[in-house]
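This is run.cif. It holds mmCIF, C-alpha atoms.
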```cif
data_final
loop_
_atom_site.label_atom_id
_atom_site.label_comp_id
_atom_site.auth_asym_id
_atom_site.auth_seq_id
_atom_site.Cartn_x
_atom_site.Cartn_y
_atom_site.Cartn_z
CA MET X 1 93.70 133.76 95.98
CA ARG X 2 90.78 135.53 97.61
CA TYR X 3 90.10 132.63 99.95
CA ALA X 4 93.64 132.87 101.34
CA SER X 5 93.10 136.52 102.26
CA ILE X 6 89.77 135.65 103.85
CA VAL X 7 91.42 132.96 105.98
CA LEU X 8 94.07 135.51 107.09
CA LEU X 9 91.38 138.08 107.90
CA ILE X 10 89.41 135.56 109.93
CA CYS X 11 92.50 134.53 111.88
CA VAL X 12 93.32 138.18 112.67
CA LEU X 13 89.78 138.80 113.85
CA LEU X 14 89.69 135.69 115.97
CA SER X 15 93.32 135.76 117.22
CA GLY X 16 93.46 132.12 116.21
CA CYS X 17 91.04 130.02 114.17
CA GLY X 18 88.77 127.22 115.26
CA ASN X 19 88.09 126.69 118.97
CA ASN X 20 88.61 130.33 119.98
CA ALA X 21 86.07 131.61 117.48
CA THR X 22 83.15 132.17 119.82
CA ASN X 23 85.27 133.92 122.47
CA ALA X 24 87.01 136.41 120.19
CA GLN X 25 83.99 138.47 119.13
CA ASP X 26 83.50 141.80 120.90
CA GLU X 27 79.79 141.83 120.06
CA PRO X 28 77.29 139.01 120.72
CA LEU X 29 76.52 136.75 117.77
CA ASP X 30 73.11 136.43 116.22
CA ILE X 31 72.25 132.78 116.91
CA VAL X 32 70.17 130.93 114.34
CA VAL X 33 69.19 127.39 115.26
CA HIS X 34 67.86 125.63 112.16
CA VAL X 35 64.16 124.92 112.44
CA ASP X 36 64.58 121.58 110.70
CA GLN X 37 66.59 120.10 113.57
CA ASP X 38 65.15 117.03 115.24
CA ASP X 39 66.74 115.87 118.48
CA THR X 40 64.66 112.69 118.38
CA THR X 41 65.96 111.45 115.03
CA ASP X 42 65.74 107.66 114.89
CA THR X 43 69.07 106.39 113.58
CA GLY X 44 67.87 102.78 113.52
CA ASP X 45 70.33 99.91 113.61
CA GLN X 46 72.96 101.61 111.46
CA ASP X 47 74.52 103.55 114.35
CA ASP X 48 74.77 100.35 116.40
CA GLU X 49 76.44 98.55 113.50
CA SER X 50 78.89 101.42 113.01
CA ALA X 51 79.83 101.43 116.68
CA ALA X 52 80.35 97.68 116.64
CA ALA X 53 82.62 98.00 113.61
CA GLY X 54 84.78 100.58 115.35
CA ASP X 55 83.72 103.61 113.29
CA PRO X 56 85.14 106.86 114.72
CA GLY X 57 81.73 108.45 115.27
CA ILE X 58 80.78 112.08 114.81
CA GLU X 59 82.54 113.00 118.06
CA ASP X 60 85.80 112.82 116.08
CA ALA X 61 86.04 116.18 114.29
CA THR X 62 88.78 115.02 111.93
CA ILE X 63 86.30 112.85 110.01
CA LEU X 64 84.52 116.03 108.87
CA ILE X 65 87.58 117.48 107.11
CA GLY X 66 87.03 117.27 103.35
CA THR X 67 84.22 117.77 100.83
CA TRP X 68 80.60 116.73 101.53
CA GLN X 69 77.70 116.85 99.06
CA ASP X 70 73.95 116.30 99.41
CA VAL X 71 73.58 113.57 96.75
CA PRO X 72 75.23 110.10 96.57
CA SER X 73 76.61 110.60 93.06
CA ILE X 74 80.13 111.77 92.32
CA GLY X 75 78.98 112.79 88.83
CA SER X 76 76.68 115.51 90.19
CA MET X 77 79.21 117.85 91.75
CA ASP X 78 77.16 120.99 91.13
CA ARG X 79 74.88 120.25 94.07
CA GLN X 80 75.25 122.00 97.43
CA ARG X 81 78.50 121.18 99.22
CA TYR X 82 80.38 121.77 102.46
CA HIS X 83 84.16 122.16 102.32
CA PHE X 84 85.59 121.72 105.84
CA PHE X 85 89.25 122.75 106.27
CA GLU X 86 91.64 121.44 108.90
CA ASP X 87 92.38 124.97 110.20
CA GLY X 88 88.74 125.44 111.24
CA ASN X 89 87.53 127.37 108.18
CA TYR X 90 84.76 126.22 105.85
CA ILE X 91 83.07 127.16 102.58
CA PHE X 92 79.48 126.22 101.78
CA GLU X 93 78.46 126.31 98.11
CA TYR X 94 74.80 126.40 97.16
CA SER X 95 73.55 124.19 94.35
CA GLN X 96 74.36 125.47 90.87
CA TYR X 97 71.33 123.59 89.57
CA ASP X 98 69.00 126.05 91.29
CA LEU X 99 69.39 129.12 89.09
CA GLU X 100 66.54 130.93 90.84
CA THR X 101 68.41 131.43 94.12
CA ARG X 102 70.42 134.56 94.86
CA LEU X 103 72.73 132.80 97.31
CA LEU X 104 75.96 131.41 95.85
CA SER X 105 78.19 130.59 98.84
CA GLU X 106 79.10 131.40 102.43
CA ILE X 107 82.41 131.46 104.29
CA GLY X 108 83.19 131.10 107.98
CA VAL X 109 84.62 128.86 110.70
CA TRP X 110 83.38 125.53 112.04
CA SER X 111 83.72 123.39 115.16
CA LEU X 112 82.19 120.19 116.49
CA GLU X 113 80.79 119.86 119.99
CA ASN X 114 78.54 117.14 121.42
CA SER X 115 77.39 116.01 117.96
CA PHE X 116 76.50 119.57 116.95
CA LEU X 117 78.15 121.30 114.01
CA ASN X 118 78.71 124.92 115.03
CA LEU X 119 79.17 127.42 112.20
CA ILE X 120 80.09 131.11 112.43
CA ILE X 121 79.35 132.80 109.11
CA PHE X 122 81.47 135.84 108.25
CA GLU X 123 80.65 136.33 104.59
CA LYS X 124 78.01 135.49 102.01
CA VAL X 125 78.20 135.73 98.24
CA THR X 126 74.91 136.79 96.62
CA ILE X 127 73.44 137.98 93.31
CA GLU X 128 72.13 141.54 93.30
CA GLY X 129 69.73 142.98 90.74
CA GLY X 130 69.40 141.35 87.36
CA GLU X 131 66.20 139.95 85.93
CA LYS X 132 64.30 136.70 85.57
CA SER X 133 64.73 134.92 82.28
CA THR X 134 61.63 134.71 80.11
CA GLU X 135 62.46 131.25 78.78
CA PRO X 136 64.46 128.23 79.97
CA LEU X 137 68.22 128.51 79.60
CA LEU X 138 68.17 124.97 78.25
CA PRO X 139 65.41 123.55 76.01
CA GLY X 140 62.82 121.76 78.13
CA ASP X 141 64.44 122.84 81.41
CA GLU X 142 61.32 123.83 83.32
CA PHE X 143 63.16 123.78 86.68
CA ASN X 144 65.23 126.83 85.71
CA GLU X 145 62.57 128.54 83.66
CA PHE X 146 62.89 131.70 85.76
CA ALA X 147 66.65 131.75 86.25
CA ILE X 148 68.28 135.01 87.37
CA ILE X 149 70.35 136.56 84.58
CA ASN X 150 72.47 139.73 84.26
CA GLY X 151 72.81 140.09 88.03
CA THR X 152 75.84 141.48 89.87
CA ILE X 153 77.89 139.39 92.30
CA ARG X 154 78.10 140.96 95.75
CA ILE X 155 80.29 139.77 98.63
CA ILE X 156 78.52 140.65 101.87
CA GLU X 157 80.44 140.76 105.17
CA LEU X 158 78.12 139.94 108.07
CA ASP X 159 78.39 142.36 111.01
CA PRO X 160 77.94 140.83 113.47
CA PRO X 161 78.73 137.33 112.21
CA VAL X 162 75.92 134.78 112.39
CA LYS X 163 76.15 131.54 114.35
CA GLU X 164 74.30 128.40 113.29
CA GLU X 165 73.94 125.07 115.09
CA HIS X 166 73.28 121.89 113.12
CA LYS X 167 72.47 118.55 114.73
CA LEU X 168 74.56 115.71 113.30
CA SER X 169 73.18 112.18 113.36
CA ASP X 170 72.91 108.84 111.55
CA PHE X 171 76.64 108.60 110.78
CA PHE X 172 77.95 105.54 108.91
CA GLN X 173 79.63 104.26 105.75
CA ASP X 174 77.05 103.98 102.98
CA ASN X 175 77.89 100.69 101.28
CA GLU X 176 74.52 100.57 99.54
CA ASN X 177 74.39 103.86 97.58
CA SER X 178 78.04 104.97 97.60
CA PRO X 179 80.32 102.12 98.68
CA GLY X 180 83.02 103.27 101.07
CA TYR X 181 81.74 106.84 101.42
CA TRP X 182 80.87 108.29 104.81
CA THR X 183 77.39 109.76 105.14
CA MET X 184 75.62 111.75 107.83
CA MET X 185 72.62 113.96 108.47
CA ILE X 186 73.31 117.67 108.94
CA SER X 187 70.05 118.81 110.54
CA LYS X 188 67.59 117.01 108.21
CA THR X 189 69.72 116.93 105.05
CA ARG X 190 71.91 113.94 104.23
CA TYR X 191 75.46 114.50 102.95
CA TRP X 192 78.10 112.14 101.55
CA LYS X 193 81.86 112.64 101.88
CA TYR X 194 83.56 112.53 98.47
CA SER X 195 87.08 113.55 99.38
CA ASP X 196 89.37 114.02 102.37
CA SER X 197 90.55 117.21 100.65
CA PRO X 198 88.31 120.28 101.10
CA ASP X 199 89.71 121.71 97.85
CA THR X 200 88.06 118.95 95.80
CA TYR X 201 85.32 120.35 93.49
CA LEU X 202 85.77 123.80 95.02
CA ASN X 203 84.54 126.44 92.58
CA GLU X 204 86.68 129.38 91.51
CA PRO X 205 86.22 132.30 93.92
CA PHE X 206 83.71 134.98 92.95
CA GLN X 207 84.79 138.59 92.51
CA ASP X 208 82.70 141.41 93.91
CA GLY X 209 81.07 143.43 91.12
CA ASP X 210 81.34 140.79 88.41
CA VAL X 211 78.31 140.05 86.25
CA PHE X 212 76.76 136.72 87.21
CA ARG X 213 76.62 134.30 84.30
CA PRO X 214 74.76 131.07 85.06
CA TRP X 215 75.75 127.98 83.20
CA PRO X 216 75.74 126.83 80.49
#
```
This entry written out as structure tokens:
Amino acid sequence: MRYASIVLLICVLLSGCGNNATNAQDEPLDIVVHVDQDDTTDTGDQDDESAAAGDPGIEDATILIGTWQDVPSIGSMDRQRYHFFEDGNYIFEYSQYDLETRLLSEIGVWSLENSFLNLIIFEKVTIEGGEKSTEPLLPGDEFNEFAIINGTIRIIELDPPVKEEHKLSDFFQDNENSPGYWTMMISKTRYWKYSDSPDTYLNEPFQDGDVFRPWP
């Protein structure tokens, strides 16, 4: 699969995935700190309750391994998702409900340090060209009235790679909205963990040059 070759390429470039990522680049990384970070986020009583219950806390990187989505509904698995792999690689998939965006996914490596999620992005998958639809793809679907159609899928390698830092906070088991599921804030967006396997709900890999066909 294409993702397997990407993982091999990343490992060759880094001389080992994961913790050595930031030291293996010959050129400095472009650093992008998300503007929606808030170091003063009030986590309320939930963090205290989690600590009292013996929750592992976001200092334990193993809790991140798996699939995380930005809505508390397992029936809406076309929303944006993080797939964190044990070997230090990750895939981020943008929401398939937003048919006006040209970004489809990104691939890179991840690490956790002092409650910050550090991402190094090596590749992005985008839609090039095409046109805006003149009518909704589905009857009455005003949200996707101007969906991109007939575009070409392009896989863009970032040179140099881009580094992002995301503040993690408010980490607990959400027994109100999704009983038993872990939840946390990544910058200012909340995510829920739906599987310990990062392959869960992972879309088929895109091929460079293919024509983009939005659902349905």
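Distance check against X:Asp159 using all atoms listed in the file: of X:Asp70, X:Glu59, X:Glu123, X:Glu113, the minimum falls on X:Glu123.
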**Q.** Interatomic distance (Å, one decimal) between atom CA of X:Leu112 and atom CA of X:Asp60
**A.**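 Those two atoms sit 8.2 Å apart.
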Q: Work out how far atom CA of X:Ile65 is from atom CA of X:Thr101, in Å to one decimal.
A: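 Between these atoms lies a distance of 27.0 Å.
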Q: Can you give me, as a PyMOL selection string, the residues this file yields under the PyMOL selection byres ((chain X and resi 71) around 12)?
A: chain X and resi 68-70+72-81+95+174+177-178+181+183-185+189-194
Q.
What does the structure give for the distance between atom CA of X:Leu104 and atom CA of X:Phe85, in Å to one decimal?
A.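 Atom-to-atom, atom CA of X:Leu104 and atom CA of X:Phe85 are spaced 19.0 Å apart.
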Q) Quick one: of X:Thr126, X:Ser187, X:Thr152, X:Asn114, who's nearest to X:Tyr94, counting only C-alpha atoms? A)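 Looking only at the distances to X:Tyr94, the closest residue turns out to be X:Thr126.
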Q: Identify which of the residues X:Ser197, X:Ser111, X:Gln96, X:Phe122 lies closest to X:Ala147, counting all atoms listed in the file when measuring atom-to-atom distances.
A: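 Closest to X:Ala147 of all the choices is X:Gln96.
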Q.
Let me make sure I understand: among X:Leu168, X:Ile186, X:Ile91, X:Ala61, which one has the smallest atom-to-atom distance to X:Glu106 if we use all atoms listed in the file?
A.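 Looking only at the distances to X:Glu106, the closest residue turns out to be X:Ile91.
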Q: Using all atoms listed in the file, find the one residue out of X:Lys167, X:Arg154, X:His83, X:Lys132 that sits nearest to X:Ser195.
A: X:His83
Q: May I ask which of the residues X:Asn175, X:Asp170, X:Tyr90, X:Thr62 is the closest one to X:Pro198, counting all atoms listed in the file?
A: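 Using all atoms listed in the file, X:Pro198 sits closest to X:Tyr90.
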Q.
I need every residue sitting at most 12 Å from the point (75.1, 132.9, 102.6) (coordinates as in the file, all atoms listed in the file considered), written as a ChimeraX atom specification.
A. /X:91-94,101-108,119-127,154-158,161-164
Once you add 3 Å to each side, what are the centre and edge lengths of the axis-aligned box holding all listed atoms of stretch 61-70 of chain X? One decimal in Å, as JSON, if you can.
```
{"center_x": 81.4, "center_y": 115.3, "center_z": 106.7, "size_x": 20.8, "size_y": 10.9, "size_z": 21.2}
```
